[in-house]
>>> print(open('work-v6.tsv').read())   # TSV, C-alpha atoms
chain	number	residue	atom	x	y	z
Y	164	MET	CA	116.37	76.57	104.71
Y	165	ASN	CA	119.70	75.03	103.74
Y	166	GLU	CA	121.43	78.25	102.65
Y	167	PRO	CA	121.92	81.50	104.53
Y	168	LYS	CA	119.95	84.41	103.12
Y	169	GLN	CA	122.37	87.23	102.39
Y	170	PHE	CA	121.29	90.88	102.50
Y	171	PHE	CA	123.58	93.73	101.42
Y	172	ASP	CA	123.55	97.36	102.55
Y	173	THR	CA	125.08	99.40	99.74
Y	174	ILE	CA	125.92	102.44	101.88
Y	175	SER	CA	128.18	100.60	104.35
Y	176	SER	CA	128.88	97.54	102.16
Y	177	THR	CA	127.62	95.40	105.04
Y	178	TYR	CA	126.34	91.85	104.71
Y	179	THR	CA	123.53	90.70	106.99
Y	180	TYR	CA	122.63	87.02	107.21
Y	181	LEU	CA	119.38	85.26	108.01
Y	182	LEU	CA	119.48	81.61	109.11
Y	183	ALA	CA	116.29	79.62	109.57
Y	184	ASP	CA	114.85	76.23	110.40
Y	185	ARG	CA	112.56	75.55	107.45
Y	186	LEU	CA	110.33	73.25	109.50
Y	187	THR	CA	109.75	75.28	112.66
Y	188	ARG	CA	110.27	78.65	110.86
Y	189	ASP	CA	112.52	79.89	113.69
Y	190	ALA	CA	115.23	82.27	112.48
Y	191	VAL	CA	118.21	84.40	113.51
Y	192	LEU	CA	119.74	87.50	111.97
Y	193	ILE	CA	123.44	88.32	112.07
Y	194	ASP	CA	124.63	91.96	111.92
Y	195	PRO	CA	121.45	93.75	110.78
Y	196	VAL	CA	121.68	97.35	109.54
Y	197	ASP	CA	119.27	100.00	110.82
Y	198	GLU	CA	118.28	101.35	107.40
Y	199	GLU	CA	117.46	97.85	106.15
Y	200	ALA	CA	115.14	96.87	109.04
Y	201	ASP	CA	111.98	97.04	106.93
Y	202	THR	CA	113.57	94.77	104.32
Y	203	TYR	CA	114.27	92.12	106.95
Y	204	LEU	CA	110.80	92.40	108.45
Y	205	GLN	CA	109.16	92.06	105.05
Y	206	TYR	CA	111.26	88.98	104.27
Y	207	LEU	CA	110.39	87.40	107.62
Y	208	SER	CA	106.72	88.06	106.97
Y	209	ASN	CA	106.83	86.74	103.40
Y	210	TYR	CA	108.24	83.40	104.54
Y	211	ASP	CA	106.42	83.22	107.88
Y	212	PHE	CA	109.69	83.14	109.82
Y	213	LYS	CA	109.75	83.83	113.56
Y	214	LEU	CA	112.85	85.79	114.53
Y	215	ARG	CA	114.36	84.37	117.72
Y	216	TYR	CA	117.77	86.03	117.98
Y	217	ILE	CA	119.46	89.14	116.63
Y	218	LEU	CA	123.22	88.53	116.75
Y	219	GLU	CA	126.10	91.00	116.56
Y	220	THR	CA	129.67	90.04	115.71
Y	221	HIS	CA	130.95	93.22	117.40
Y	222	VAL	CA	130.21	96.91	117.99
Y	223	HIS	CA	130.23	98.31	114.46
Y	224	ALA	CA	131.84	101.63	113.56
Y	225	ASP	CA	130.48	102.08	110.03
Y	226	HIS	CA	126.73	101.61	110.46
Y	227	ILE	CA	124.06	101.53	113.15
Y	228	THR	CA	122.59	98.17	114.04
Y	229	ALA	CA	118.88	97.43	113.67
Y	230	ALA	CA	118.98	95.23	116.77
Y	231	GLU	CA	116.72	97.21	119.09
Y	232	LYS	CA	114.33	98.17	116.30
Y	233	LEU	CA	113.93	94.50	115.35
Y	234	ARG	CA	113.60	93.41	118.97
Y	235	GLN	CA	110.70	95.80	119.42
Y	236	ALA	CA	109.06	94.67	116.18
Y	237	THR	CA	109.45	90.92	116.65
Y	238	GLY	CA	110.12	90.13	120.31
Y	239	ALA	CA	113.41	88.46	119.39
Y	240	GLN	CA	116.29	88.53	121.87
Y	241	THR	CA	119.29	90.72	121.10
Y	242	ALA	CA	122.71	89.18	121.63
Y	243	ALA	CA	126.18	90.72	121.56
Y	244	PRO	CA	129.61	89.37	122.50
Y	245	ALA	CA	130.31	89.63	126.22
Y	246	GLY	CA	133.55	91.52	125.57
Y	247	CYS	CA	131.91	94.29	123.56
Y	248	GLY	CA	130.26	96.26	126.35
Y	249	VAL	CA	126.64	96.31	125.16
Y	250	PRO	CA	124.60	96.42	128.39
Y	251	THR	CA	121.32	96.79	126.48
Y	252	ALA	CA	121.69	93.37	124.82
Y	253	ASP	CA	119.44	90.64	126.22
Y	254	LEU	CA	122.33	88.15	126.02
Y	255	ALA	CA	126.09	88.62	126.48
Y	256	LEU	CA	127.62	85.77	124.50
Y	257	LEU	CA	130.72	83.82	125.55
Y	258	ASP	CA	133.15	81.80	123.47
Y	259	GLY	CA	131.78	78.33	122.78
Y	260	GLU	CA	128.19	79.24	123.65
Y	261	VAL	CA	125.51	77.57	121.52
Y	262	LEU	CA	122.14	79.11	120.70
Y	263	LYS	CA	119.26	76.96	119.50
Y	264	PHE	CA	116.54	78.03	117.08
Y	265	GLY	CA	114.18	75.26	116.12
Y	266	ALA	CA	116.32	72.20	115.43
Y	267	GLU	CA	119.23	74.41	114.33
Y	268	THR	CA	122.16	75.73	116.36
Y	269	VAL	CA	124.66	78.53	116.01
Y	270	LYS	CA	127.94	78.50	117.92
Y	271	VAL	CA	129.94	81.48	119.16
Y	272	LEU	CA	133.66	81.61	118.30
Y	273	HIS	CA	135.70	84.40	119.92
Y	274	THR	CA	137.88	86.02	117.23
Y	275	PRO	CA	139.40	89.16	118.80
Y	276	GLY	CA	141.69	91.64	117.11
Y	277	HIS	CA	139.46	93.89	115.01
Y	278	THR	CA	137.90	94.66	118.38
Y	279	PRO	CA	138.69	92.83	121.64
Y	280	GLY	CA	135.24	91.24	121.92
Y	281	HIS	CA	134.68	90.31	118.27
Y	282	VAL	CA	133.13	86.90	117.55
Y	283	ALA	CA	132.33	84.75	114.54
Y	284	TYR	CA	129.29	82.48	114.31
Y	285	LEU	CA	129.33	78.88	113.14
Y	286	TRP	CA	126.25	77.27	111.56
Y	287	ARG	CA	126.33	73.93	109.76
Y	288	ASP	CA	129.30	74.19	107.35
Y	289	CYS	CA	129.31	78.00	107.42
Y	290	ALA	CA	131.41	80.55	109.29
Y	291	PHE	CA	130.10	84.11	109.55
Y	292	THR	CA	133.32	85.96	110.23
Y	293	GLY	CA	132.15	89.53	110.71
Y	294	ASP	CA	135.02	91.98	110.33
Y	295	ALA	CA	137.74	89.57	111.46
Y	296	LEU	CA	138.30	87.72	108.18
Y	297	LEU	CA	137.18	89.23	104.88
Y	298	ILE	CA	137.44	87.81	101.38
Y	299	GLY	CA	140.99	88.60	100.36
Y	300	GLY	CA	141.50	90.76	103.43
Y	301	CYS	CA	140.69	91.30	107.09
Y	302	GLY	CA	139.29	93.91	109.41
Y	303	ARG	CA	141.39	96.90	110.36
Y	304	THR	CA	142.97	97.10	113.83
Y	305	ASP	CA	143.71	100.78	114.30
Y	306	PHE	CA	140.78	101.82	116.52
Y	307	GLN	CA	138.32	100.47	119.14
Y	308	GLY	CA	141.06	98.58	120.95
Y	309	GLY	CA	142.17	96.71	117.83
Y	310	ASP	CA	145.30	94.58	117.99
Y	311	ALA	CA	146.95	93.18	114.86
Y	312	GLY	CA	148.81	90.41	116.66
Y	313	MET	CA	145.62	89.32	118.37
Y	314	LEU	CA	143.78	89.30	115.03
Y	315	TYR	CA	146.51	87.20	113.40
Y	316	ASP	CA	146.27	84.69	116.23
Y	317	ALA	CA	142.47	84.57	116.01
Y	318	ILE	CA	142.41	84.06	112.26
Y	319	THR	CA	145.26	81.57	111.99
Y	320	GLY	CA	144.59	79.75	115.26
Y	321	ARG	CA	140.79	79.67	115.27
Y	322	LEU	CA	139.25	80.39	111.87
Y	323	PHE	CA	141.96	78.66	109.85
Y	324	ALA	CA	141.64	75.67	112.18
Y	325	LEU	CA	138.17	75.04	110.75
Y	326	PRO	CA	137.88	72.50	107.92
Y	327	ASP	CA	139.11	73.89	104.59
Y	328	GLU	CA	135.70	73.29	103.01
Y	329	THR	CA	133.96	75.52	105.58
Y	330	ARG	CA	132.08	78.20	103.70
Y	331	MET	CA	133.09	81.67	104.83
Y	332	PHE	CA	130.70	84.62	104.80
Y	333	PRO	CA	132.18	88.04	105.68
Y	334	GLY	CA	130.64	91.04	107.38
Y	335	HIS	CA	131.64	93.31	104.49
Y	336	ASP	CA	132.83	93.19	100.94
Y	337	TYR	CA	133.77	96.11	98.71
Y	338	ARG	CA	134.40	94.26	95.44
Y	339	GLY	CA	131.21	92.29	94.84
Y	340	ASN	CA	132.36	89.03	96.43
Y	341	LYS	CA	129.71	87.13	98.37
Y	342	ALA	CA	131.42	84.08	99.89
Y	343	SER	CA	134.66	82.15	100.05
Y	344	THR	CA	135.98	79.11	101.89
Y	345	ILE	CA	138.41	78.80	104.75
Y	346	GLY	CA	140.73	76.82	102.51
Y	347	ASP	CA	140.74	79.48	99.80
Y	348	GLU	CA	141.52	82.21	102.32
Y	349	LYS	CA	144.35	80.18	103.85
Y	350	ARG	CA	145.88	79.72	100.41
Y	351	SER	CA	145.29	83.08	98.77
Y	352	ASN	CA	144.39	85.88	101.22
Y	353	PRO	CA	147.12	88.44	100.47
Y	354	ARG	CA	147.35	89.72	104.02
Y	355	LEU	CA	147.68	86.27	105.56
Y	356	ALA	CA	148.79	83.56	103.14
Y	357	GLY	CA	152.44	82.79	103.79
Y	358	LYS	CA	152.78	85.73	106.15
Y	359	THR	CA	154.43	85.53	109.55
Y	360	ARG	CA	152.83	87.20	112.55
Y	361	GLU	CA	155.42	89.98	112.39
Y	362	GLU	CA	154.81	90.56	108.67
Y	363	PHE	CA	151.07	90.75	109.27
Y	364	ILE	CA	151.50	93.27	112.09
Y	365	ASP	CA	153.67	95.41	109.80
Y	366	ILE	CA	151.08	95.27	107.01
Y	367	MET	CA	148.31	96.34	109.36
Y	368	ALA	CA	150.40	99.18	110.82
Y	369	ASN	CA	150.88	100.72	107.38
Y	370	LEU	CA	147.38	100.67	105.86
Y	371	LYS	CA	146.88	104.40	106.48
Y	372	LEU	CA	143.09	104.23	106.24
Y	373	ALA	CA	140.76	107.14	106.99
Y	374	PRO	CA	138.47	106.69	110.02
Y	375	PRO	CA	134.99	105.31	109.25
Y	376	LYS	CA	132.70	108.25	108.47
Y	377	MET	CA	130.06	107.21	111.03
Y	378	ILE	CA	132.34	106.11	113.85
Y	379	ASP	CA	131.41	108.93	116.26
Y	380	ILE	CA	127.70	108.22	115.82
Y	381	ALA	CA	127.70	104.47	115.23
Y	382	VAL	CA	129.84	103.26	118.14
Y	383	PRO	CA	127.84	104.97	120.92
Y	384	ALA	CA	124.54	103.93	119.32
Y	385	ASN	CA	125.66	100.35	118.84
Y	386	LYS	CA	126.67	100.09	122.48
Y	387	ARG	CA	122.96	100.71	123.09
Y	388	SER	CA	121.82	98.09	120.52
Y	389	GLY	CA	121.20	100.77	117.92
Y	390	LEU	CA	119.51	103.41	120.06
Y	391	ARG	CA	120.85	106.78	118.95
Y	392	HIS	CA	120.09	108.42	122.30
Y	393	GLU	CA	120.07	107.26	125.89
Y	394	ALA	CA	116.81	105.51	126.72
>>> encode(input="work-v6.tsv", output="structure tokens")
Amino acid sequence: MNEPKQFFDTISSTYTYLLADRLTRDAVLIDPVDEEADTYLQYLSNYDFKLRYILETHVHADHITAAEKLRQATGAQTAAPAGCGVPTADLALLDGEVLKFGAETVKVLHTPGHTPGHVAYLWRDCAFTGDALLIGGCGRTDFQGGDAGMLYDAITGRLFALPDETRMFPGHDYRGNKASTIGDEKRSNPRLAGKTREEFIDIMANLKLAPPKMIDIAVPANKRSGLRHEA
């Protein structure tokens, strides 16, 4: 499997990604959505993939993860960034950590700012940037310990340090975009291209966005890998 399989949840505009070794059939899922769990399981079954890891980029505020549901259905290990406070995850991932599935690997890249523990995942020539870097935008920084200066540093110092040709796959998109490249975002992202750190912080401080509708339900559940109530 040379391309990531991209799933889209229309309610939360969330992208979920499946990566697989086409020879061993081992696979990982990044940022699965609870309501789409049956879709992922059917896809895994159709292609005889064995799910090894369920990866989170951060604790989501706009949807509930399918992590625990998928773990129970497949035996895969759940993994969340160490800085996100998810004690139910099988693995607490650190910056630079590498997970193997078949002959493939995925690397953890700490990209804080949207939340303090947020990470991106690197696979082949692809970066799965979660809510840190979006196509033509970036994640908000006004809740869950967000920090605009920290996000600017993470994007410009870590993600924009990747090769320009790196394909970039976001955690969300609200305009029908599916992928970009690091080079394109460096050149044209309106929140970042040509902006100083101070200008970026000012932009982020004046977005005046409403809170995510599910934040009060989603955050506590996602700190339990998607369990809506204490186990």
>>> closest_residue(input="work-v6.tsv", among="Y:Thr187, Y:Thr319, Y:Thr278, Y:Thr292", to="Y:Gln307", atoms="all atoms listed in the file")
Y:Thr278
>>> atom_distance(input="work-v6.tsv", atom1="atom CA of Y:Tyr180", atom2="atom CA of Y:Pro167")
6.2 Å
>>> residues_around(input="work-v6.tsv", residues="Y:Glu219", least_positions_apart="3", cutoff="12 Å", atoms="all atoms listed in the file", output="PDB file with C-alpha atoms, in the frame of the given file")
ATOM      1  CA  TYR Y 178     126.340  91.850 104.710  1.00  0.00           C
ATOM      2  CA  THR Y 179     123.530  90.700 106.990  1.00  0.00           C
ATOM      3  CA  TYR Y 180     122.630  87.020 107.210  1.00  0.00           C
ATOM      4  CA  VAL Y 191     118.210  84.400 113.510  1.00  0.00           C
ATOM      5  CA  LEU Y 192     119.740  87.500 111.970  1.00  0.00           C
ATOM      6  CA  ILE Y 193     123.440  88.320 112.070  1.00  0.00           C
ATOM      7  CA  ASP Y 194     124.630  91.960 111.920  1.00  0.00           C
ATOM      8  CA  PRO Y 195     121.450  93.750 110.780  1.00  0.00           C
ATOM      9  CA  VAL Y 196     121.680  97.350 109.540  1.00  0.00           C
ATOM     10  CA  TYR Y 216     117.770  86.030 117.980  1.00  0.00           C
ATOM     11  CA  VAL Y 222     130.210  96.910 117.990  1.00  0.00           C
ATOM     12  CA  HIS Y 223     130.230  98.310 114.460  1.00  0.00           C
ATOM     13  CA  ILE Y 227     124.060 101.530 113.150  1.00  0.00           C
ATOM     14  CA  THR Y 228     122.590  98.170 114.040  1.00  0.00           C
ATOM     15  CA  ALA Y 229     118.880  97.430 113.670  1.00  0.00           C
ATOM     16  CA  ALA Y 230     118.980  95.230 116.770  1.00  0.00           C
ATOM     17  CA  GLU Y 231     116.720  97.210 119.090  1.00  0.00           C
ATOM     18  CA  GLN Y 240     116.290  88.530 121.870  1.00  0.00           C
ATOM     19  CA  THR Y 241     119.290  90.720 121.100  1.00  0.00           C
ATOM     20  CA  ALA Y 242     122.710  89.180 121.630  1.00  0.00           C
ATOM     21  CA  ALA Y 243     126.180  90.720 121.560  1.00  0.00           C
ATOM     22  CA  PRO Y 244     129.610  89.370 122.500  1.00  0.00           C
ATOM     23  CA  ALA Y 245     130.310  89.630 126.220  1.00  0.00           C
ATOM     24  CA  GLY Y 246     133.550  91.520 125.570  1.00  0.00           C
ATOM     25  CA  CYS Y 247     131.910  94.290 123.560  1.00  0.00           C
ATOM     26  CA  GLY Y 248     130.260  96.260 126.350  1.00  0.00           C
ATOM     27  CA  VAL Y 249     126.640  96.310 125.160  1.00  0.00           C
ATOM     28  CA  ALA Y 252     121.690  93.370 124.820  1.00  0.00           C
ATOM     29  CA  ASP Y 253     119.440  90.640 126.220  1.00  0.00           C
ATOM     30  CA  LEU Y 254     122.330  88.150 126.020  1.00  0.00           C
ATOM     31  CA  ALA Y 255     126.090  88.620 126.480  1.00  0.00           C
ATOM     32  CA  LEU Y 256     127.620  85.770 124.500  1.00  0.00           C
ATOM     33  CA  VAL Y 271     129.940  81.480 119.160  1.00  0.00           C
ATOM     34  CA  GLY Y 280     135.240  91.240 121.920  1.00  0.00           C
ATOM     35  CA  HIS Y 281     134.680  90.310 118.270  1.00  0.00           C
ATOM     36  CA  VAL Y 282     133.130  86.900 117.550  1.00  0.00           C
ATOM     37  CA  ALA Y 283     132.330  84.750 114.540  1.00  0.00           C
ATOM     38  CA  TYR Y 284     129.290  82.480 114.310  1.00  0.00           C
ATOM     39  CA  PHE Y 291     130.100  84.110 109.550  1.00  0.00           C
ATOM     40  CA  THR Y 292     133.320  85.960 110.230  1.00  0.00           C
ATOM     41  CA  GLY Y 293     132.150  89.530 110.710  1.00  0.00           C
ATOM     42  CA  ASP Y 294     135.020  91.980 110.330  1.00  0.00           C
ATOM     43  CA  GLY Y 334     130.640  91.040 107.380  1.00  0.00           C
ATOM     44  CA  ASN Y 385     125.660 100.350 118.840  1.00  0.00           C
ATOM     45  CA  LYS Y 386     126.670 100.090 122.480  1.00  0.00           C
ATOM     46  CA  SER Y 388     121.820  98.090 120.520  1.00  0.00           C
ATOM     47  CA  GLY Y 389     121.200 100.770 117.920  1.00  0.00           C
TER      48      GLY Y 389
END
>>> closest_residue(input="work-v6.tsv", among="Y:Thr202, Y:Phe264, Y:Ala190, Y:Asp225", to="Y:Ile380", atoms="only C-alpha atoms")
Y:Asp225
>>> atom_distance(input="work-v6.tsv", atom1="atom CA of Y:Arg338", atom2="atom CA of Y:Leu370")
17.8 Å
>>> closest_residue(input="work-v6.tsv", among="Y:Asp347, Y:Thr237, Y:His335, Y:Asp201", to="Y:Ile217", atoms="all atoms listed in the file")
Y:Thr237
>>> atom_distance(input="work-v6.tsv", atom1="atom CA of Y:Val261", atom2="atom CA of Y:Leu285")
9.3 Å
>>> residues_near_point(input="work-v6.tsv", point="(131.7, 108.6, 111.6)", cutoff="12 Å", atoms="all atoms listed in the file", output="PDB file with C-alpha atoms, in the frame of the given file")
ATOM      1  CA  SER Y 175     128.180 100.600 104.350  1.00  0.00           C
ATOM      2  CA  HIS Y 223     130.230  98.310 114.460  1.00  0.00           C
ATOM      3  CA  ALA Y 224     131.840 101.630 113.560  1.00  0.00           C
ATOM      4  CA  ASP Y 225     130.480 102.080 110.030  1.00  0.00           C
ATOM      5  CA  HIS Y 226     126.730 101.610 110.460  1.00  0.00           C
ATOM      6  CA  ILE Y 227     124.060 101.530 113.150  1.00  0.00           C
ATOM      7  CA  ALA Y 373     140.760 107.140 106.990  1.00  0.00           C
ATOM      8  CA  PRO Y 374     138.470 106.690 110.020  1.00  0.00           C
ATOM      9  CA  PRO Y 375     134.990 105.310 109.250  1.00  0.00           C
ATOM     10  CA  LYS Y 376     132.700 108.250 108.470  1.00  0.00           C
ATOM     11  CA  MET Y 377     130.060 107.210 111.030  1.00  0.00           C
ATOM     12  CA  ILE Y 378     132.340 106.110 113.850  1.00  0.00           C
ATOM     13  CA  ASP Y 379     131.410 108.930 116.260  1.00  0.00           C
ATOM     14  CA  ILE Y 380     127.700 108.220 115.820  1.00  0.00           C
ATOM     15  CA  ALA Y 381     127.700 104.470 115.230  1.00  0.00           C
ATOM     16  CA  VAL Y 382     129.840 103.260 118.140  1.00  0.00           C
ATOM     17  CA  PRO Y 383     127.840 104.970 120.920  1.00  0.00           C
ATOM     18  CA  ALA Y 384     124.540 103.930 119.320  1.00  0.00           C
TER      19      ALA Y 384
END
>>> closest_residue(input="work-v6.tsv", among="Y:Thr344, Y:Thr359, Y:Asn352, Y:Thr274", to="Y:Ile318", atoms="all atoms listed in the file")
Y:Thr274
>>> residues_around(input="work-v6.tsv", residues="Y:Gly312", least_positions_apart="5", cutoff="9 Å", atoms="only C-alpha atoms", output="VMD selection string")
chain Y and resid 276 317 360 to 361 363 to 364
>>> residues_near_point(input="work-v6.tsv", point="(133.1, 84.2, 100.1)", cutoff="10 Å", atoms="all atoms listed in the file", output="tab-separated table (two decimals) with C-alpha atoms, keeping the file's coordinate frame")
chain	number	residue	atom	x	y	z
Y	291	PHE	CA	130.10	84.11	109.55
Y	297	LEU	CA	137.18	89.23	104.88
Y	298	ILE	CA	137.44	87.81	101.38
Y	299	GLY	CA	140.99	88.60	100.36
Y	330	ARG	CA	132.08	78.20	103.70
Y	331	MET	CA	133.09	81.67	104.83
Y	332	PHE	CA	130.70	84.62	104.80
Y	333	PRO	CA	132.18	88.04	105.68
Y	336	ASP	CA	132.83	93.19	100.94
Y	339	GLY	CA	131.21	92.29	94.84
Y	340	ASN	CA	132.36	89.03	96.43
Y	341	LYS	CA	129.71	87.13	98.37
Y	342	ALA	CA	131.42	84.08	99.89
Y	343	SER	CA	134.66	82.15	100.05
Y	344	THR	CA	135.98	79.11	101.89
Y	345	ILE	CA	138.41	78.80	104.75
Y	347	ASP	CA	140.74	79.48	99.80
Y	348	GLU	CA	141.52	82.21	102.32
>>> closest_residue(input="work-v6.tsv", among="Y:Leu207, Y:Asp189, Y:Asp197, Y:Gly238", to="Y:Thr268", atoms="only C-alpha atoms")
Y:Asp189
>>> closest_residue(input="work-v6.tsv", among="Y:Arg391, Y:His277, Y:Leu182, Y:Lys358", to="Y:Asp305", atoms="all atoms listed in the file")
Y:His277
>>> build_atoms(input="work-v6.tsv", residues="stretch 332-351 of chain Y", atoms="N, CA and C atoms", output="tab-separated table (two decimals), keeping the file's coordinate frame")
chain	number	residue	atom	x	y	z
Y	332	PHE	N	131.53	83.49	105.18
Y	332	PHE	CA	130.70	84.62	104.80
Y	332	PHE	C	131.13	85.84	105.61
Y	333	PRO	N	131.63	86.89	104.96
Y	333	PRO	CA	132.18	88.04	105.68
Y	333	PRO	C	131.13	89.06	106.08
Y	334	GLY	N	131.52	89.96	106.97
Y	334	GLY	CA	130.64	91.04	107.38
Y	334	GLY	C	130.57	92.17	106.37
Y	335	HIS	N	131.60	92.28	105.53
Y	335	HIS	CA	131.64	93.31	104.49
Y	335	HIS	C	132.31	92.76	103.25
Y	336	ASP	N	132.00	93.37	102.13
Y	336	ASP	CA	132.83	93.19	100.94
Y	336	ASP	C	132.65	94.42	100.07
Y	337	TYR	N	133.77	94.87	99.48
Y	337	TYR	CA	133.77	96.11	98.71
Y	337	TYR	C	134.03	95.87	97.23
Y	338	ARG	N	134.07	94.59	96.83
Y	338	ARG	CA	134.40	94.26	95.44
Y	338	ARG	C	133.38	93.31	94.80
Y	339	GLY	N	132.24	93.12	95.44
Y	339	GLY	CA	131.21	92.29	94.84
Y	339	GLY	C	131.30	90.82	95.17
Y	340	ASN	N	132.25	90.42	96.02
Y	340	ASN	CA	132.36	89.03	96.43
Y	340	ASN	C	131.29	88.71	97.48
Y	341	LYS	N	130.77	87.50	97.43
Y	341	LYS	CA	129.71	87.13	98.37
Y	341	LYS	C	130.13	86.06	99.38
Y	342	ALA	N	131.02	85.17	99.00
Y	342	ALA	CA	131.42	84.08	99.89
Y	342	ALA	C	132.76	83.52	99.44
Y	343	SER	N	133.40	82.83	100.34
Y	343	SER	CA	134.66	82.15	100.05
Y	343	SER	C	134.67	80.85	100.85
Y	344	THR	N	135.82	80.25	100.98
Y	344	THR	CA	135.98	79.11	101.89
Y	344	THR	C	137.21	79.36	102.75
Y	345	ILE	N	137.24	78.68	103.87
Y	345	ILE	CA	138.41	78.80	104.75
Y	345	ILE	C	139.67	78.37	104.01
Y	346	GLY	N	139.57	77.30	103.26
Y	346	GLY	CA	140.73	76.82	102.51
Y	346	GLY	C	141.24	77.84	101.50
Y	347	ASP	N	140.33	78.47	100.78
Y	347	ASP	CA	140.74	79.48	99.80
Y	347	ASP	C	141.43	80.66	100.48
Y	348	GLU	N	140.90	81.08	101.62
Y	348	GLU	CA	141.52	82.21	102.32
Y	348	GLU	C	142.90	81.84	102.88
Y	349	LYS	N	143.04	80.64	103.37
Y	349	LYS	CA	144.35	80.18	103.85
Y	349	LYS	C	145.39	80.21	102.72
Y	350	ARG	N	144.95	79.83	101.53
Y	350	ARG	CA	145.88	79.72	100.41
Y	350	ARG	C	146.15	81.04	99.71
Y	351	SER	N	145.16	81.95	99.68
Y	351	SER	CA	145.29	83.08	98.77
Y	351	SER	C	145.06	84.46	99.38
